[in-house]
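**Student:** Would you mind keeping the following structure in view while I ask a few things?
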There are 2 protein chains.
Amino acid sequence: MAEKTIYPFRVEPQEVDFTMCATVPALGCAVLNVAGIDAHGKGFGVDVLNERNCSWVLSRMAFEVDRRPKQYTDYRIATWISDYGRVLSTRNFTLTDCAGEEFGRAVTQWAMIDLERRTALDLSGVGRAHAEAMVPEPAPAEKPRKIAPFEVQQSVTHRVAYSDIDFNRHMNTMRYIDLMFDCLPIELHASQRGMRLDIHFLHECRYGQLLTVGWSREADRWLFSIRNEEQEAVRAAVEWR
Amino acid sequence: MAEKTIYPFRVEPQEVDFTMCATVPALGCAVLNVAGIDAHGKGFGVDVLNERNCSWVLSRMAFEVDRRPKQYTDYRIATWISDYGRVLSTRNFTLTDCAGEEFGRAVTQWAMIDLERRTALDLSGVGRAHAEAMVPEPAPAEKPRKIAPFEVQQSVTHRVAYSDIDFNRHMNTMRYIDLMFDCLPIELHASQRGMRLDIHFLHECRYGQLLTVGWSREADRWLFSIRNEEQEAVRAAVEWR
C-alpha cells in the first residue's frame, strides 16, 4: 500500500501579490507541479506516457485556500491518488504550514488521452496496474462541482500569447486562473478571505486565438466562462468565504 | 574583501516555454530574486531600507543568454556588487550550468530612492558603508547600453492587471519583459538563438493603467517602448545572435 508523498515548497517573490502573500494561481501552480513530479517519480509521468502516444489531461479541479502564506514561507504539499474511475483518476493534495496546520487542499481529476485520436482512454486497466500507488484515504474536500451554464454579465478579451502557452502551444492551465482572477475587484484580493475554486477544462485554447473571458456575479460567488473562437473552453466558479 | 555569492536554482515547469527550455523572462526573474535575497542576506535589503523610508529601484539591466536550460535542469547564479557610483550601484550576475559552463550573465544598475520624495539618494556614503560587500571583479558583460528614441512601427495595448503587479501595485519588472517577448514572432523563440536584452526603467506603471507596447525592427535588433497613459515608462532593445 502506498503512502502520501510530501514535497517541500517556499513562497518565492514572483509568487506573491501586493499583500506579500502567495497568489491563488501561484499555489495552484505548485499543486500541478507536484502532480507532474509525483507521477514522474512513480513511473507514470507524461514522459513515459508520451512514448506510448498518450498523455494526462487535467479535466476538473477543486481548490480551496483558507489563507495565503507570506513571501519566503516554507510549506508542504502532500499528494495521493485515491481512485481510478473508468475515465477519470482522482489525485488529492493538502497544503500544510510548518506547524502542520492545513491551509489549503485540492482535488483534481485527470483523463488519459490518446494523442493521435484525441480521445479519452479507459482507465480500468491502468487502475489495476497502478493499484500499489493508490492510497485509500478520502479526498480532502468535496470533488469538483458541476457548474451550470449561466448568462455572462461582463467580459474582456485576451489573445493567447507566448507567455501563456505550454509545451503543446496550448494555453497553460494556471494562466486561465490568472485571467479569471484579473477580472475580480482588487479589494477582494486585498481582503484575504478564504475561497474555493471549481474549474472544468472543456477544450484547449491555442497560441494566437482570441479568448473571451465572461463572468457573472451572484453575491460571493463568481462564475466564469472562457471561450475561444470556436467554443467554450473553460467554465469555473470562485466562491469567497 | 567579499566574494561572489552563489545561489542554486532548478528550471521549474512553469518557467519553460513550448521548447521545454526556460524562458528569458523566467531566467531574468531568477536573477532579480537573487538580487533581493543577496541584499537581504548582507543587511541592505528592501526590508531594512523600508524602515528608513528608502528602497532599491532597478534602473537599467543588460541580460545576455547564450542558451536556455531545459526543464528540471540545475544551474547556479553567482552575484557580486562591483561598484557604487554617486547615483547607481552595479550588481553583476553569471548563470552557470552543472558542468561549470557559463550560459548567461547580467549587469544591473540600481538607484536608492527616498520613498516619500520619490527622488534618488546619493550613494557615496552607502558605497563607503558597504565597501566590504564589494568584489573588485569587472562586470561580466558590457554595461546597459543607451537606447536612442525611435519611431514605433507596430503596437499592442495592455491593461495592467492583478497578475502583473508587485507589492507596490506597480507593474512587475519581469512582466515588462513578458510583454515585449510576447510581441516577437514565435519562430524566434523556437530558434533557440542567443540574445542580449538592454532595458531601461524610466517610470512606473500602476494597476489599471492602459499601456501601449510599441516596437520597431532593424534586422536582428528589436526596439521596444512601453508607454503608460502619461509618459514613456520602459525602453528596451533585444538583439539576437
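Here, A, B, ... name the chains of the C-alpha cells in the order displayed, residue numbers run from 1 inside each chain, and ligands are numbered from 1 in the same displayed order.
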Fewer than 4 positions away in the same chain doesn't count, so skip those; otherwise give me all residues within 7 Å of A:Phe103, counting only C-alpha atoms, as a count of residues only.
**Tutor:** 5
**Student:** For chain A against chain B, which residues fall within 7 Å using only C-alpha atoms, given as a list of chain:residue names?
**Tutor:** A:Pro13, A:Asp17, A:Phe18, A:Thr19, A:Met20, A:Asn33, A:Ala161, A:Tyr162, A:Ser163, A:Ile165, A:Asp166, A:Phe167, A:Asn168, A:Arg169, A:Asp178, A:Asp182
**Student:** Considering only C-alpha atoms, state which residue in the set A:Cys205, A:Arg60, A:Arg227, A:Ala133 is at the smallest distance from A:Ser155.
**Tutor:** A:Arg227
**Student:** For each of B:Glu102, B:Ser89, B:Ala22, B:Met195, take the minimum atom-to-atom distance to B:Thr73, counting only C-alpha atoms, then give the residue where this is smallest.
**Tutor:**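 Closest to B:Thr73 of all the choices is B:Ala22.
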**Student:** To test your reading of the structure, identify every residue in stretch 79-166 of chain B that backbone DSSP assigns to alpha helix (DSSP H), and report it as a PyMOL selection string.
**Tutor:** chain B and resi 124-129
**Student:** Restricted to C-alpha atoms, what would the selected residues look like written as an mmCIF file, in the first residue's frame?
**Tutor:**
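Generated file (result16.cif):
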```
data_model
loop_
_atom_site.group_PDB
_atom_site.id
_atom_site.type_symbol
_atom_site.label_atom_id
_atom_site.label_comp_id
_atom_site.auth_asym_id
_atom_site.auth_seq_id
_atom_site.Cartn_x
_atom_site.Cartn_y
_atom_site.Cartn_z
ATOM 1 C CA SER B 124 28.584 57.836 -1.938
ATOM 2 C CA GLY B 125 28.042 57.221 1.784
ATOM 3 C CA VAL B 126 26.375 53.874 1.110
ATOM 4 C CA GLY B 127 29.334 52.820 -1.022
ATOM 5 C CA ARG B 128 31.733 53.548 1.864
ATOM 6 C CA ALA B 129 29.474 51.774 4.383
#
```
